[in-house]
Amino acid sequence: MTVRIGVIGTGMIGRDHTRRIQQVLSGARVVALSDYDPAAARAVQAGLVPEAQVFERSEDLVASDQVDAVLVCSTGATHEPYVLAAIAAGKPVFCEKPLATTAAGADRIVRAEVDFGKRLVQVGFMRRYDAGYRMLKQVVDTEIGAPLMVHAAHRNQSVPESYATPMAIHDTLIHEIDVLRWLLDDDYVSAQVVFPRRTRHSHAGLADPQLVLLETKKGVRIDVEIFVNCRYGYDIQCQIVGEEGLANLPEPMAITLRKDARLQNALLVDWKERFIDSYDVELADFIAAAARGTAVGPSSWDGYVAAITSDACVEAQESGKIVPISLPKRPALYDQG
Ligand code: NAP
């Protein structure tokens, strides 16, 4: 079966996922496009998929009997209604992060999916599909004994003026929030944010760097450094300290160069390149499951937990206090990971 996909939102990531489906992956094709700005959808149609239909209204794209599955790639605040519409139509839906901009919105999606009785939603937490993180999980599960501590870092070379303090949580930490609980098979119970000396390379609306301190149900202590004007490159670090050993996330592949009396290798600067392969793998997973009329991978429950946790982290940024995190009971629909 070839899965016929409709893409909502044809900005940076919607265009890239369309290219991926059309040119890299098998088993699906893009048959429909929509965007708040129809000219943007038509530009992607002209450049990548001339046979696709451009819909003026994304709701009509979801409802179309030509569309088997939906990709929601519009701006975050618009995700919830489109995901709910796809669930109501019984169609598998891949939703870029965030699943919803509020925990209440993510909860509405979880309830709708549970009422439907089958998983239909995959959230775009692509790090779970990264080869390095998968190797790390294998080692954490089998080699280092019980995890005790995690030291992680998320560093960007620089960010624009529009990037404000809470975005360090909603846009940046959100990936660590998901991937760390997946790596540890655990959930968070509290969050605290502390602010080291501020870099002179930041701007008035952004406290940079930040240190997020998380505690899990099993008692693991996690520190995540978020430093988004670090100047030197895009750098993701993750070290898990267990009771029998210590495991590090592998560095991205790079040539080691000996030249001019120096030993060096290049670092990435563009975040898009760091996880480029994982986007392919996550969408391949989505397509394979959509062909069976369901969804796998990061679920709407995971999107909901990420929303609850990131709300607690923002509250911790504002209050300076340790903020407790409590989760409702996980519905049985999400018991299979
Ligand atoms: P973008 O370039 O701004 O694209 C978003 C597109 O959605 C724009 O063309 C926008 O149109 C359109 N749009 C806005 N409201 C809409 C609506 N109600 N219905 C249909 N289309 C609408 O943003 P992006 O960088 O592609 O990001 C899109 C989403 O993907 C965000 O949620 C972002 O967090 C997520 N993302 C995830 C990753 C990841 O690593 N997993 C990476 C990048 C982005 P206008 O420009 O006319 O408003």
# chains A, B, ... in the order shown; residues from 1 in each chain; ligands from 1

$ residues_near_ligand --ligand "ligand 1" --cutoff "7 Å" --atoms "only C-alpha atoms and all ligand atoms" --output "JSON, numbers by chain"
{"A": [8, 9, 10, 11, 12, 13, 14, 34, 35, 36, 37, 40, 58, 73, 74, 75, 76, 78, 96, 97, 98, 124, 125, 126, 171]}

$ residues_around --residues "Arg155 (chain A)" --least-positions-apart "4" --cutoff "7 Å" --atoms "only C-alpha atoms" --output "list in words"
Ile226, Phe227, Val228, Cys230, Tyr234, Asp235 and Ile236 of chain A

$ select_by_dssp --residues "region 146-237 of chain A" --states "helix (DSSP H, G or I)" --output "list in words"
Met167, Ala168, Ile169, His170, Asp171, Thr172, Leu173, Ile174, His175, Glu176, Ile177, Asp178, Val179, Leu180, Arg181, Trp182, Leu183 and Leu184 of chain A

$ residues_around --residues "Ala291 (chain A)" --least-positions-apart "5" --cutoff "12 Å" --atoms "only C-alpha atoms" --output "mmCIF file with N, CA, C and O atoms, in the first residue's frame"
data_model
loop_
_atom_site.group_PDB
_atom_site.id
_atom_site.type_symbol
_atom_site.label_atom_id
_atom_site.label_comp_id
_atom_site.auth_asym_id
_atom_site.auth_seq_id
_atom_site.Cartn_x
_atom_site.Cartn_y
_atom_site.Cartn_z
ATOM 1 N N MET A 1 0.843 -1.202 0.000
ATOM 2 C CA MET A 1 0.000 0.000 0.000
ATOM 3 C C MET A 1 0.878 1.253 0.000
ATOM 4 O O MET A 1 1.858 1.320 0.737
ATOM 5 N N THR A 2 0.549 2.220 -0.838
ATOM 6 C CA THR A 2 1.216 3.524 -0.779
ATOM 7 C C THR A 2 0.355 4.455 0.065
ATOM 8 O O THR A 2 -0.813 4.688 -0.250
ATOM 9 N N VAL A 3 0.937 4.953 1.154
ATOM 10 C CA VAL A 3 0.176 5.834 2.056
ATOM 11 C C VAL A 3 0.104 7.224 1.421
ATOM 12 O O VAL A 3 1.131 7.817 1.074
ATOM 13 N N ARG A 4 -1.105 7.732 1.297
ATOM 14 C CA ARG A 4 -1.295 9.068 0.697
ATOM 15 C C ARG A 4 -1.312 10.101 1.826
ATOM 16 O O ARG A 4 -2.175 10.052 2.700
ATOM 17 N N ILE A 5 -0.332 10.991 1.791
ATOM 18 C CA ILE A 5 -0.115 11.895 2.929
ATOM 19 C C ILE A 5 -0.493 13.330 2.583
ATOM 20 O O ILE A 5 -0.181 13.831 1.496
ATOM 21 N N SER A 26 10.352 5.295 0.909
ATOM 22 C CA SER A 26 9.394 4.581 0.073
ATOM 23 C C SER A 26 8.129 4.311 0.889
ATOM 24 O O SER A 26 8.121 4.468 2.111
ATOM 25 N N GLY A 27 7.061 3.950 0.186
ATOM 26 C CA GLY A 27 5.837 3.552 0.871
ATOM 27 C C GLY A 27 4.815 4.654 1.030
ATOM 28 O O GLY A 27 3.723 4.405 1.548
ATOM 29 N N ALA A 28 5.151 5.872 0.612
ATOM 30 C CA ALA A 28 4.191 6.975 0.758
ATOM 31 C C ALA A 28 4.448 8.017 -0.313
ATOM 32 O O ALA A 28 5.534 8.079 -0.903
ATOM 33 N N ARG A 29 3.431 8.819 -0.567
ATOM 34 C CA ARG A 29 3.632 10.002 -1.399
ATOM 35 C C ARG A 29 2.756 11.118 -0.868
ATOM 36 O O ARG A 29 1.726 10.865 -0.233
ATOM 37 N N ASP A 68 -4.790 9.597 3.360
ATOM 38 C CA ASP A 68 -4.832 8.500 4.338
ATOM 39 C C ASP A 68 -4.241 8.904 5.681
ATOM 40 O O ASP A 68 -4.613 8.359 6.718
ATOM 41 N N ALA A 69 -3.254 9.798 5.660
ATOM 42 C CA ALA A 69 -2.529 10.148 6.884
ATOM 43 C C ALA A 69 -2.063 11.597 6.778
ATOM 44 O O ALA A 69 -1.880 12.125 5.671
ATOM 45 N N LYS A 91 -7.575 8.999 11.183
ATOM 46 C CA LYS A 91 -6.379 8.960 10.321
ATOM 47 C C LYS A 91 -5.101 9.090 11.155
ATOM 48 O O LYS A 91 -5.025 9.958 12.030
ATOM 49 N N PRO A 92 -4.081 8.264 10.884
ATOM 50 C CA PRO A 92 -2.792 8.435 11.551
ATOM 51 C C PRO A 92 -2.258 9.843 11.296
ATOM 52 O O PRO A 92 -2.390 10.382 10.189
ATOM 53 N N VAL A 93 -1.653 10.424 12.348
ATOM 54 C CA VAL A 93 -1.182 11.810 12.234
ATOM 55 C C VAL A 93 0.188 11.932 12.888
ATOM 56 O O VAL A 93 0.375 11.528 14.038
ATOM 57 N N LEU A 120 -3.090 6.655 17.085
ATOM 58 C CA LEU A 120 -3.062 7.288 15.769
ATOM 59 C C LEU A 120 -1.989 8.380 15.683
ATOM 60 O O LEU A 120 -1.693 8.862 14.602
ATOM 61 N N ALA A 284 9.954 7.138 8.333
ATOM 62 C CA ALA A 284 9.805 5.767 7.830
ATOM 63 C C ALA A 284 8.950 4.953 8.799
ATOM 64 O O ALA A 284 8.086 4.168 8.383
ATOM 65 N N ASP A 285 9.170 5.151 10.090
ATOM 66 C CA ASP A 285 8.378 4.461 11.116
ATOM 67 C C ASP A 285 6.906 4.888 11.012
ATOM 68 O O ASP A 285 6.000 4.055 11.119
ATOM 69 N N PHE A 286 6.703 6.184 10.816
ATOM 70 C CA PHE A 286 5.327 6.685 10.708
ATOM 71 C C PHE A 286 4.618 6.068 9.502
ATOM 72 O O PHE A 286 3.479 5.600 9.593
ATOM 73 N N VAL A 296 3.129 4.484 15.895
ATOM 74 C CA VAL A 296 4.088 3.941 16.869
ATOM 75 C C VAL A 296 5.008 5.084 17.304
ATOM 76 O O VAL A 296 4.791 6.238 16.928
#

$ residues_around --residues "region 180-185 of chain A" --least-positions-apart "4" --cutoff "10 Å" --atoms "only C-alpha atoms" --output "PDB file with N, CA and C atoms, in the first residue's frame"
ATOM      1  N   ARG A 127      14.847  12.578  18.294  1.00  0.00           N
ATOM      2  CA  ARG A 127      16.091  12.068  18.889  1.00  0.00           C
ATOM      3  C   ARG A 127      16.003  10.588  19.237  1.00  0.00           C
ATOM      4  N   ARG A 128      14.792  10.101  19.508  1.00  0.00           N
ATOM      5  CA  ARG A 128      14.652   8.662  19.801  1.00  0.00           C
ATOM      6  C   ARG A 128      15.050   7.812  18.595  1.00  0.00           C
ATOM      7  N   TYR A 133      21.784   8.042  20.013  1.00  0.00           N
ATOM      8  CA  TYR A 133      20.927   7.859  21.187  1.00  0.00           C
ATOM      9  C   TYR A 133      20.464   6.405  21.303  1.00  0.00           C
ATOM     10  N   ARG A 134      20.238   5.747  20.179  1.00  0.00           N
ATOM     11  CA  ARG A 134      19.813   4.335  20.245  1.00  0.00           C
ATOM     12  C   ARG A 134      20.937   3.461  20.793  1.00  0.00           C
ATOM     13  N   LEU A 136      23.233   4.541  22.811  1.00  0.00           N
ATOM     14  CA  LEU A 136      23.331   4.899  24.227  1.00  0.00           C
ATOM     15  C   LEU A 136      22.264   4.154  25.030  1.00  0.00           C
ATOM     16  N   LYS A 137      21.055   4.085  24.501  1.00  0.00           N
ATOM     17  CA  LYS A 137      19.978   3.399  25.232  1.00  0.00           C
ATOM     18  C   LYS A 137      20.311   1.917  25.427  1.00  0.00           C
ATOM     19  N   GLN A 138      20.856   1.321  24.378  1.00  0.00           N
ATOM     20  CA  GLN A 138      21.240  -0.102  24.462  1.00  0.00           C
ATOM     21  C   GLN A 138      22.236  -0.316  25.609  1.00  0.00           C
ATOM     22  N   VAL A 139      23.213   0.584  25.712  1.00  0.00           N
ATOM     23  CA  VAL A 139      24.239   0.471  26.758  1.00  0.00           C
ATOM     24  C   VAL A 139      23.625   0.746  28.136  1.00  0.00           C
ATOM     25  N   VAL A 140      22.758   1.745  28.205  1.00  0.00           N
ATOM     26  CA  VAL A 140      22.118   2.067  29.494  1.00  0.00           C
ATOM     27  C   VAL A 140      21.260   0.893  29.957  1.00  0.00           C
ATOM     28  N   ASP A 141      20.574   0.254  29.007  1.00  0.00           N
ATOM     29  CA  ASP A 141      19.692  -0.867  29.375  1.00  0.00           C
ATOM     30  C   ASP A 141      20.461  -2.114  29.792  1.00  0.00           C
ATOM     31  N   ALA A 146      22.203   0.408  37.311  1.00  0.00           N
ATOM     32  CA  ALA A 146      21.162   1.417  37.514  1.00  0.00           C
ATOM     33  C   ALA A 146      21.726   2.816  37.261  1.00  0.00           C
ATOM     34  N   PRO A 147      21.068   3.613  36.412  1.00  0.00           N
ATOM     35  CA  PRO A 147      21.523   5.000  36.218  1.00  0.00           C
ATOM     36  C   PRO A 147      21.354   5.797  37.512  1.00  0.00           C
ATOM     37  N   LEU A 148      22.348   6.638  37.798  1.00  0.00           N
ATOM     38  CA  LEU A 148      22.319   7.437  39.031  1.00  0.00           C
ATOM     39  C   LEU A 148      22.229   8.931  38.736  1.00  0.00           C
ATOM     40  N   VAL A 150      22.676  12.074  35.365  1.00  0.00           N
ATOM     41  CA  VAL A 150      22.829  12.418  33.953  1.00  0.00           C
ATOM     42  C   VAL A 150      23.368  13.842  33.871  1.00  0.00           C
ATOM     43  N   ALA A 152      23.897  16.574  30.947  1.00  0.00           N
ATOM     44  CA  ALA A 152      23.586  16.810  29.534  1.00  0.00           C
ATOM     45  C   ALA A 152      23.796  18.283  29.209  1.00  0.00           C
ATOM     46  N   HIS A 175      13.372  18.685  23.786  1.00  0.00           N
ATOM     47  CA  HIS A 175      13.947  17.457  23.221  1.00  0.00           C
ATOM     48  C   HIS A 175      14.653  16.635  24.309  1.00  0.00           C
ATOM     49  N   GLU A 176      15.384  17.318  25.213  1.00  0.00           N
ATOM     50  CA  GLU A 176      16.023  16.587  26.320  1.00  0.00           C
ATOM     51  C   GLU A 176      14.957  15.991  27.240  1.00  0.00           C
ATOM     52  N   THR A 216      14.099  12.353  39.022  1.00  0.00           N
ATOM     53  CA  THR A 216      13.129  11.379  38.509  1.00  0.00           C
ATOM     54  C   THR A 216      12.528  10.549  39.647  1.00  0.00           C
ATOM     55  N   LYS A 218      12.745   7.436  40.074  1.00  0.00           N
ATOM     56  CA  LYS A 218      13.701   6.449  40.605  1.00  0.00           C
ATOM     57  C   LYS A 218      14.848   7.116  41.356  1.00  0.00           C
ATOM     58  N   VAL A 220      17.008   9.463  40.048  1.00  0.00           N
ATOM     59  CA  VAL A 220      18.119   9.927  39.211  1.00  0.00           C
ATOM     60  C   VAL A 220      18.137  11.463  39.232  1.00  0.00           C
ATOM     61  N   ILE A 222      19.423  14.829  37.316  1.00  0.00           N
ATOM     62  CA  ILE A 222      19.800  15.230  35.951  1.00  0.00           C
ATOM     63  C   ILE A 222      20.134  16.716  35.963  1.00  0.00           C
ATOM     64  N   CYS A 238      25.512  14.192  26.223  1.00  0.00           N
ATOM     65  CA  CYS A 238      24.714  13.441  27.191  1.00  0.00           C
ATOM     66  C   CYS A 238      25.603  12.363  27.817  1.00  0.00           C
ATOM     67  N   ILE A 240      25.624   9.495  30.938  1.00  0.00           N
ATOM     68  CA  ILE A 240      24.820   8.809  31.948  1.00  0.00           C
ATOM     69  C   ILE A 240      25.765   8.053  32.875  1.00  0.00           C
ATOM     70  N   PRO A 298       7.109   7.917  19.604  1.00  0.00           N
ATOM     71  CA  PRO A 298       6.687   8.877  20.632  1.00  0.00           C
ATOM     72  C   PRO A 298       5.187   9.174  20.505  1.00  0.00           C
ATOM     73  N   ASP A 302       3.471  10.822  25.495  1.00  0.00           N
ATOM     74  CA  ASP A 302       4.807  11.419  25.628  1.00  0.00           C
ATOM     75  C   ASP A 302       4.754  12.932  25.388  1.00  0.00           C
ATOM     76  N   VAL A 305       3.260  14.412  28.609  1.00  0.00           N
ATOM     77  CA  VAL A 305       4.243  14.452  29.705  1.00  0.00           C
ATOM     78  C   VAL A 305       5.269  15.566  29.450  1.00  0.00           C
ATOM     79  N   ALA A 306       5.693  15.713  28.188  1.00  0.00           N
ATOM     80  CA  ALA A 306       6.655  16.771  27.865  1.00  0.00           C
ATOM     81  C   ALA A 306       6.051  18.141  28.143  1.00  0.00           C
ATOM     82  N   GLY A 337       5.095   1.406  25.403  1.00  0.00           N
ATOM     83  CA  GLY A 337       6.193   2.319  25.068  1.00  0.00           C
ATOM     84  C   GLY A 337       5.813   3.423  24.129  1.00  0.00           C
TER      85      GLY A 337
END

$ residues_around --residues "Ala85 (chain A)" --least-positions-apart "5" --cutoff "9 Å" --atoms "only C-alpha atoms" --output "PDB file with C-alpha atoms, in the first residue's frame"
ATOM      1  CA  GLU A  59      -9.561  21.099   7.814  1.00  0.00           C
ATOM      2  CA  VAL A  62      -7.730  16.312   6.846  1.00  0.00           C
ATOM      3  CA  ALA A  63     -11.251  15.358   5.738  1.00  0.00           C
ATOM      4  CA  GLU A  80      -3.999  20.751  18.577  1.00  0.00           C
ATOM      5  CA  GLY A  90      -9.553   8.002  12.220  1.00  0.00           C
ATOM      6  CA  LYS A  91      -6.379   8.960  10.321  1.00  0.00           C
TER       7      LYS A  91
END

$ closest_residue --among "A:Ile325, A:Ala88, A:Val224, A:Val281" --to "Ile21 (chain A)" --atoms "only C-alpha atoms"
A:Val281

$ closest_residue --among "A:Val24, A:Gly6, A:Ala86, A:Leu267" --to "Gln53 (chain A)" --atoms "only C-alpha atoms"
A:Gly6

$ atom_distance --atom1 "CA of Gly242 (chain A)" --atom2 "CA of Glu143 (chain A)"
8.8 Å

$ select_by_dssp --residues "region 30-197 of chain A" --states "strand (DSSP E or B)" --output "tab-separated table (two decimals) with N, CA and C atoms, in the first residue's frame"
chain	number	residue	atom	x	y	z
A	30	VAL	N	3.20	12.34	-1.11
A	30	VAL	CA	2.43	13.51	-0.67
A	30	VAL	C	1.38	13.81	-1.74
A	31	VAL	N	0.12	13.82	-1.32
A	31	VAL	CA	-0.96	14.07	-2.28
A	31	VAL	C	-1.66	15.39	-2.00
A	32	ALA	N	-1.38	16.01	-0.86
A	32	ALA	CA	-2.09	17.24	-0.49
A	32	ALA	C	-1.21	18.13	0.37
A	33	LEU	N	-1.37	19.43	0.18
A	33	LEU	CA	-0.60	20.41	0.93
A	33	LEU	C	-1.52	21.54	1.36
A	34	SER	N	-1.26	22.12	2.52
A	34	SER	CA	-1.98	23.34	2.90
A	34	SER	C	-1.08	24.18	3.77
A	53	GLN	N	-2.51	18.20	-4.45
A	53	GLN	CA	-3.57	19.20	-4.43
A	53	GLN	C	-3.29	20.20	-3.30
A	54	VAL	N	-3.45	21.49	-3.58
A	54	VAL	CA	-3.30	22.50	-2.53
A	54	VAL	C	-4.67	22.85	-1.99
A	55	PHE	N	-4.84	22.68	-0.68
A	55	PHE	CA	-6.11	23.02	-0.02
A	55	PHE	C	-6.01	24.40	0.62
A	69	ALA	N	-3.25	9.80	5.66
A	69	ALA	CA	-2.53	10.15	6.88
A	69	ALA	C	-2.06	11.60	6.78
A	70	VAL	N	-1.85	12.22	7.94
A	70	VAL	CA	-1.60	13.67	7.97
A	70	VAL	C	-0.29	13.97	8.68
A	71	LEU	N	0.45	14.95	8.15
A	71	LEU	CA	1.62	15.50	8.84
A	71	LEU	C	1.29	16.91	9.27
A	72	VAL	N	1.39	17.20	10.56
A	72	VAL	CA	1.11	18.55	11.05
A	72	VAL	C	2.45	19.25	11.30
A	93	VAL	N	-1.65	10.42	12.35
A	93	VAL	CA	-1.18	11.81	12.23
A	93	VAL	C	0.19	11.93	12.89
A	94	PHE	N	1.12	12.46	12.12
A	94	PHE	CA	2.45	12.78	12.65
A	94	PHE	C	2.42	14.25	13.00
A	95	CYS	N	2.70	14.58	14.27
A	95	CYS	CA	2.65	15.98	14.69
A	95	CYS	C	4.03	16.43	15.13
A	121	VAL	N	-1.44	8.78	16.83
A	121	VAL	CA	-0.57	9.97	16.87
A	121	VAL	C	0.88	9.59	17.11
A	122	GLN	N	1.76	10.13	16.29
A	122	GLN	CA	3.21	10.08	16.56
A	122	GLN	C	3.70	11.51	16.69
A	123	VAL	N	4.44	11.79	17.76
A	123	VAL	CA	4.99	13.14	17.96
A	123	VAL	C	6.43	13.18	17.45
A	147	PRO	N	21.07	3.61	36.41
A	147	PRO	CA	21.52	5.00	36.22
A	147	PRO	C	21.35	5.80	37.51
A	148	LEU	N	22.35	6.64	37.80
A	148	LEU	CA	22.32	7.44	39.03
A	148	LEU	C	22.23	8.93	38.74
A	149	MET	N	22.99	9.35	37.71
A	149	MET	CA	23.07	10.78	37.37
A	149	MET	C	23.15	10.93	35.85
A	150	VAL	N	22.68	12.07	35.36
A	150	VAL	CA	22.83	12.42	33.95
A	150	VAL	C	23.37	13.84	33.87
A	151	HIS	N	24.40	14.01	33.05
A	151	HIS	CA	24.91	15.35	32.76
A	151	HIS	C	24.70	15.58	31.27
A	152	ALA	N	23.90	16.57	30.95
A	152	ALA	CA	23.59	16.81	29.53
A	152	ALA	C	23.80	18.28	29.21
A	153	ALA	N	24.00	18.55	27.93
A	153	ALA	CA	24.16	19.94	27.50
A	153	ALA	C	23.54	20.12	26.12
A	154	HIS	N	22.94	21.27	25.92
A	154	HIS	CA	22.34	21.63	24.63
A	154	HIS	C	22.88	23.02	24.31
A	155	ARG	N	23.79	23.07	23.35
A	155	ARG	CA	24.44	24.36	23.05
A	155	ARG	C	24.22	24.73	21.58
A	188	TYR	N	9.68	12.33	35.57
A	188	TYR	CA	10.22	13.40	36.42
A	188	TYR	C	9.30	13.66	37.61
A	189	VAL	N	9.92	14.03	38.72
A	189	VAL	CA	9.11	14.41	39.89
A	189	VAL	C	9.33	15.87	40.30
A	190	SER	N	10.44	16.48	39.85
A	190	SER	CA	10.62	17.90	40.18
A	190	SER	C	11.57	18.56	39.20
A	191	ALA	N	11.48	19.90	39.16
A	191	ALA	CA	12.34	20.69	38.28
A	191	ALA	C	12.77	21.96	39.01
A	192	GLN	N	14.00	22.34	38.72
A	192	GLN	CA	14.52	23.61	39.23
A	192	GLN	C	15.39	24.21	38.12
A	193	VAL	N	15.41	25.53	38.04
A	193	VAL	CA	16.28	26.18	37.04
A	193	VAL	C	17.15	27.20	37.77
A	194	VAL	N	18.45	27.11	37.54
A	194	VAL	CA	19.35	28.10	38.13
A	194	VAL	C	20.11	28.79	37.00

$ residues_around --residues "Asp270 (chain A)" --least-positions-apart "3" --cutoff "8 Å" --atoms "only C-alpha atoms" --output "ChimeraX atom specification"
/A:233-234,273-274

$ write_last_selection --atoms "N, CA and C atoms" --output "compact mmCIF listing (two decimals), in the first residue's frame"
# COMPACT_ATOMS: atom_id res chain seq x y z
N GLY A 233 29.66 26.42 18.25
CA GLY A 233 29.03 25.43 17.36
C GLY A 233 27.74 24.90 17.96
N TYR A 234 27.15 23.92 17.27
CA TYR A 234 25.95 23.25 17.79
C TYR A 234 26.42 21.95 18.42
N GLU A 273 21.55 19.74 10.65
CA GLU A 273 22.43 18.65 10.21
C GLU A 273 22.62 17.59 11.28
N ARG A 274 22.49 17.98 12.55
CA ARG A 274 22.84 17.06 13.65
C ARG A 274 21.93 15.82 13.66

$ atom_distance --atom1 "CA of Leu214 (chain A)" --atom2 "CA of Ala164 (chain A)"
21.3 Å

$ residues_around --residues "Gln317 (chain A)" --least-positions-apart "3" --cutoff "10 Å" --atoms "only C-alpha atoms" --output "PyMOL selection string"
chain A and resi 165-166+169+191-195+207+210-212+311-314+320-323

$ atom_distance --atom1 "CA of Pro81 (chain A)" --atom2 "CA of Ile177 (chain A)"
23.8 Å

$ decode --residues "region 122-145 of chain A" --atoms "C-alpha atoms" --output "mmCIF file, in the first residue's frame"
data_model
loop_
_atom_site.group_PDB
_atom_site.id
_atom_site.type_symbol
_atom_site.label_atom_id
_atom_site.label_comp_id
_atom_site.auth_asym_id
_atom_site.auth_seq_id
_atom_site.Cartn_x
_atom_site.Cartn_y
_atom_site.Cartn_z
ATOM 1 C CA GLN A 122 3.205 10.081 16.560
ATOM 2 C CA VAL A 123 4.986 13.144 17.963
ATOM 3 C CA GLY A 124 8.123 14.435 16.212
ATOM 4 C CA PHE A 125 10.606 13.690 18.996
ATOM 5 C CA MET A 126 13.206 12.581 16.469
ATOM 6 C CA ARG A 127 16.091 12.068 18.889
ATOM 7 C CA ARG A 128 14.652 8.662 19.801
ATOM 8 C CA TYR A 129 15.468 7.715 16.193
ATOM 9 C CA ASP A 130 19.058 9.009 16.250
ATOM 10 C CA ALA A 131 21.615 6.203 15.884
ATOM 11 C CA GLY A 132 23.778 7.624 18.696
ATOM 12 C CA TYR A 133 20.927 7.859 21.187
ATOM 13 C CA ARG A 134 19.813 4.335 20.245
ATOM 14 C CA MET A 135 23.322 3.016 20.933
ATOM 15 C CA LEU A 136 23.331 4.899 24.227
ATOM 16 C CA LYS A 137 19.978 3.399 25.232
ATOM 17 C CA GLN A 138 21.240 -0.102 24.462
ATOM 18 C CA VAL A 139 24.239 0.471 26.758
ATOM 19 C CA VAL A 140 22.118 2.067 29.494
ATOM 20 C CA ASP A 141 19.692 -0.867 29.375
ATOM 21 C CA THR A 142 22.366 -3.568 29.501
ATOM 22 C CA GLU A 143 25.828 -2.384 30.624
ATOM 23 C CA ILE A 144 26.056 0.329 33.267
ATOM 24 C CA GLY A 145 23.716 -0.893 35.979
#
